[in-house]
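Just below is one structure, and these are the notes that go with it.
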Amino acid sequence: MLAFLRGRIMRLRSDQVVLETGGVGYLVSVPATALERLGKLGDVVELHLHTYVREDQLALYGFTSPDELEFFQALIQVDQVGPRVALAILSTAGLASLKRAILEDDVGLIRRAPGVGPRTAQKVIIDLKPRLLAEEGPTARPPREEAPVARQVELSLRALGYSPTEALRGLGAVTWDDSPEADLALAQALKALGR
C-alpha cells in the first residue's frame, strides 16, 4: 500500500496530478481544493495517499494534509459514498467548512458535490456528526489518562446494543474534565442517548 508520495508535478488536470518520483509517474486524484495549494508544473510536492484497490481498479487519492486524508477515509465508510463521491464532496469546500456544515446539519453544502443527492448528504451528516462531536473541544474528548475508562464505556455501550456511531455520540457527551469513574461516565453517555 502506498501511503505517502513526494514528487515533481509533471501534469495537472482538474482533479488529477501526475507526480514523478524515481523515474515513475503516479497518477493521483486530488480534491479541487488541494490543486490550489499544490503549486505549478515542476514544483516538488508531498501528498498523503489512500490506495484504493478493487479487482478491476487500482487508484491513488492524494491529500495535502493527514486531516484531509482521514476525513476522506471517514467519508468512504458512509454507505453509498465511494472514493469518487468522497473526492467530489472534498472538492466543494475546505475541510473546516465541510466539518462545520456537518455539525450544523447543513445538507446544502454537501449536496453541491456532483452525484450527491439529499439522502446521501443526510447519511454523511448522520454518520460523521458523532465522530466530529467526539473530536470537538476538551469536554468532548477524553484526555489520555481517561482513555481506558472511555474504552470501557464504549464497550459497555456496544454490549447494550448501541451502534459504533451511537457509542461515539454517547462518549462525546461525557464531561471528561471531571475525570468520572466508568459508571458515572456510562450514566452520562446513556442520558445523552436518551436512556
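Following the order of the C-alpha cells, first chain is A, next is B, and so on, with residues numbered from 1 inside each chain and ligands from 1 in the order they appear.
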
What are the nearest atom pairs, with distances in Å to one decimal, for all residues of segment 79-187 of chain A that come at most 12 Å from segment 40-54 of chain A, using only C-alpha atoms, set out by chain and rising residue number as a Markdown table?
```
| residue | atom | partner | partner_atom | distance |
| --- | --- | --- | --- | --- |
| A:Gly82 | CA | A:Tyr52 | CA | 10.1 |
| A:Pro83 | CA | A:Tyr52 | CA | 8.0 |
| A:Arg84 | CA | A:Tyr52 | CA | 10.7 |
| A:Ala86 | CA | A:His50 | CA | 11.9 |
| A:Leu87 | CA | A:His50 | CA | 11.3 |
```

Which of chain A DSSP labels strand (DSSP E or B), written as a ChimeraX atom specification:
/A:4-12,16-21,24-29,44-54,57-63

Within 6 Å of segment 180-193 of chain A, counting only C-alpha atoms, which residues qualify if same-chain residues fewer than 4 places away don't, as a short mmCIF file (atom, residue, chain, number, x, y, z; two decimals) with C-alpha atoms, in the first residue's frame?
```cif
data_model
loop_
_atom_site.label_atom_id
_atom_site.label_comp_id
_atom_site.auth_asym_id
_atom_site.auth_seq_id
_atom_site.Cartn_x
_atom_site.Cartn_y
_atom_site.Cartn_z
CA VAL A 149 -12.29 4.49 31.05
CA VAL A 153 -17.67 2.89 28.49
CA GLY A 170 -22.55 8.96 23.90
CA LEU A 171 -18.82 9.30 24.61
CA ALA A 173 -21.49 13.80 25.74
CA VAL A 174 -19.35 12.79 28.72
#
```

Going by DSSP on the backbone, which residues of segment 7-67 of chain A come out as helix (DSSP H, G or I)? List them as a ChimeraX atom specification.
/A:32-38,66-67

Give me the residues of segment 81-125 of chain A that have any atom at most 8 Å from an atom of segment 10-31 of chain A; for each, the nearest atom pair and the distance in Å, rounded to one decimal. Use only C-alpha atoms, sort by chain and number, and format it as a tab-separated table.
```
residue	atom	partner	partner_atom	distance
A:Leu87	CA	A:Pro31	CA	5.6
A:Ala88	CA	A:Pro31	CA	6.9
A:Leu90	CA	A:Pro31	CA	5.8
A:Ser91	CA	A:Pro31	CA	4.6
```

Residues within 10 Å of Ile102 of chain A, only C-alpha atoms, excluding chain neighbours under 4 positions, as a list in words:
Ser97, Leu98, Asp106, Val107, Leu109, Ile110, Ala121, Gln122, Val124, Ile125, Ile126, Asp127, Leu128, Lys129, Pro130, Leu132 and Leu133 of chain A

Output for the residues just chosen: C-alpha atoms as a PDB file, in the first residue's frame:
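part23.pdb, written as the output of this step:
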```
ATOM      1  CA  SER A  97     -16.263  24.401   6.083  1.00  0.00           C
ATOM      2  CA  LEU A  98     -17.328  20.806   5.468  1.00  0.00           C
ATOM      3  CA  ASP A 106     -26.192  21.929   6.542  1.00  0.00           C
ATOM      4  CA  VAL A 107     -27.204  19.474   3.825  1.00  0.00           C
ATOM      5  CA  LEU A 109     -23.116  22.388   1.097  1.00  0.00           C
ATOM      6  CA  ILE A 110     -22.693  18.621   0.828  1.00  0.00           C
ATOM      7  CA  ALA A 121     -25.977  14.123   2.078  1.00  0.00           C
ATOM      8  CA  GLN A 122     -28.147  13.284   5.091  1.00  0.00           C
ATOM      9  CA  VAL A 124     -22.985  11.757   5.550  1.00  0.00           C
ATOM     10  CA  ILE A 125     -24.228  14.045   8.323  1.00  0.00           C
ATOM     11  CA  ILE A 126     -25.773  11.220  10.365  1.00  0.00           C
ATOM     12  CA  ASP A 127     -22.635   9.060  10.140  1.00  0.00           C
ATOM     13  CA  LEU A 128     -19.947  11.731  10.577  1.00  0.00           C
ATOM     14  CA  LYS A 129     -21.513  14.159  13.042  1.00  0.00           C
ATOM     15  CA  PRO A 130     -20.965  11.922  16.107  1.00  0.00           C
ATOM     16  CA  LEU A 132     -16.824  15.206  14.736  1.00  0.00           C
ATOM     17  CA  LEU A 133     -18.600  15.894  18.021  1.00  0.00           C
TER      18      LEU A 133
END
```

Between atom CA of Gly108 of chain A and atom CA of Gln77 of chain A, what distance in Å does the model show, to one decimal?
20.7 Å
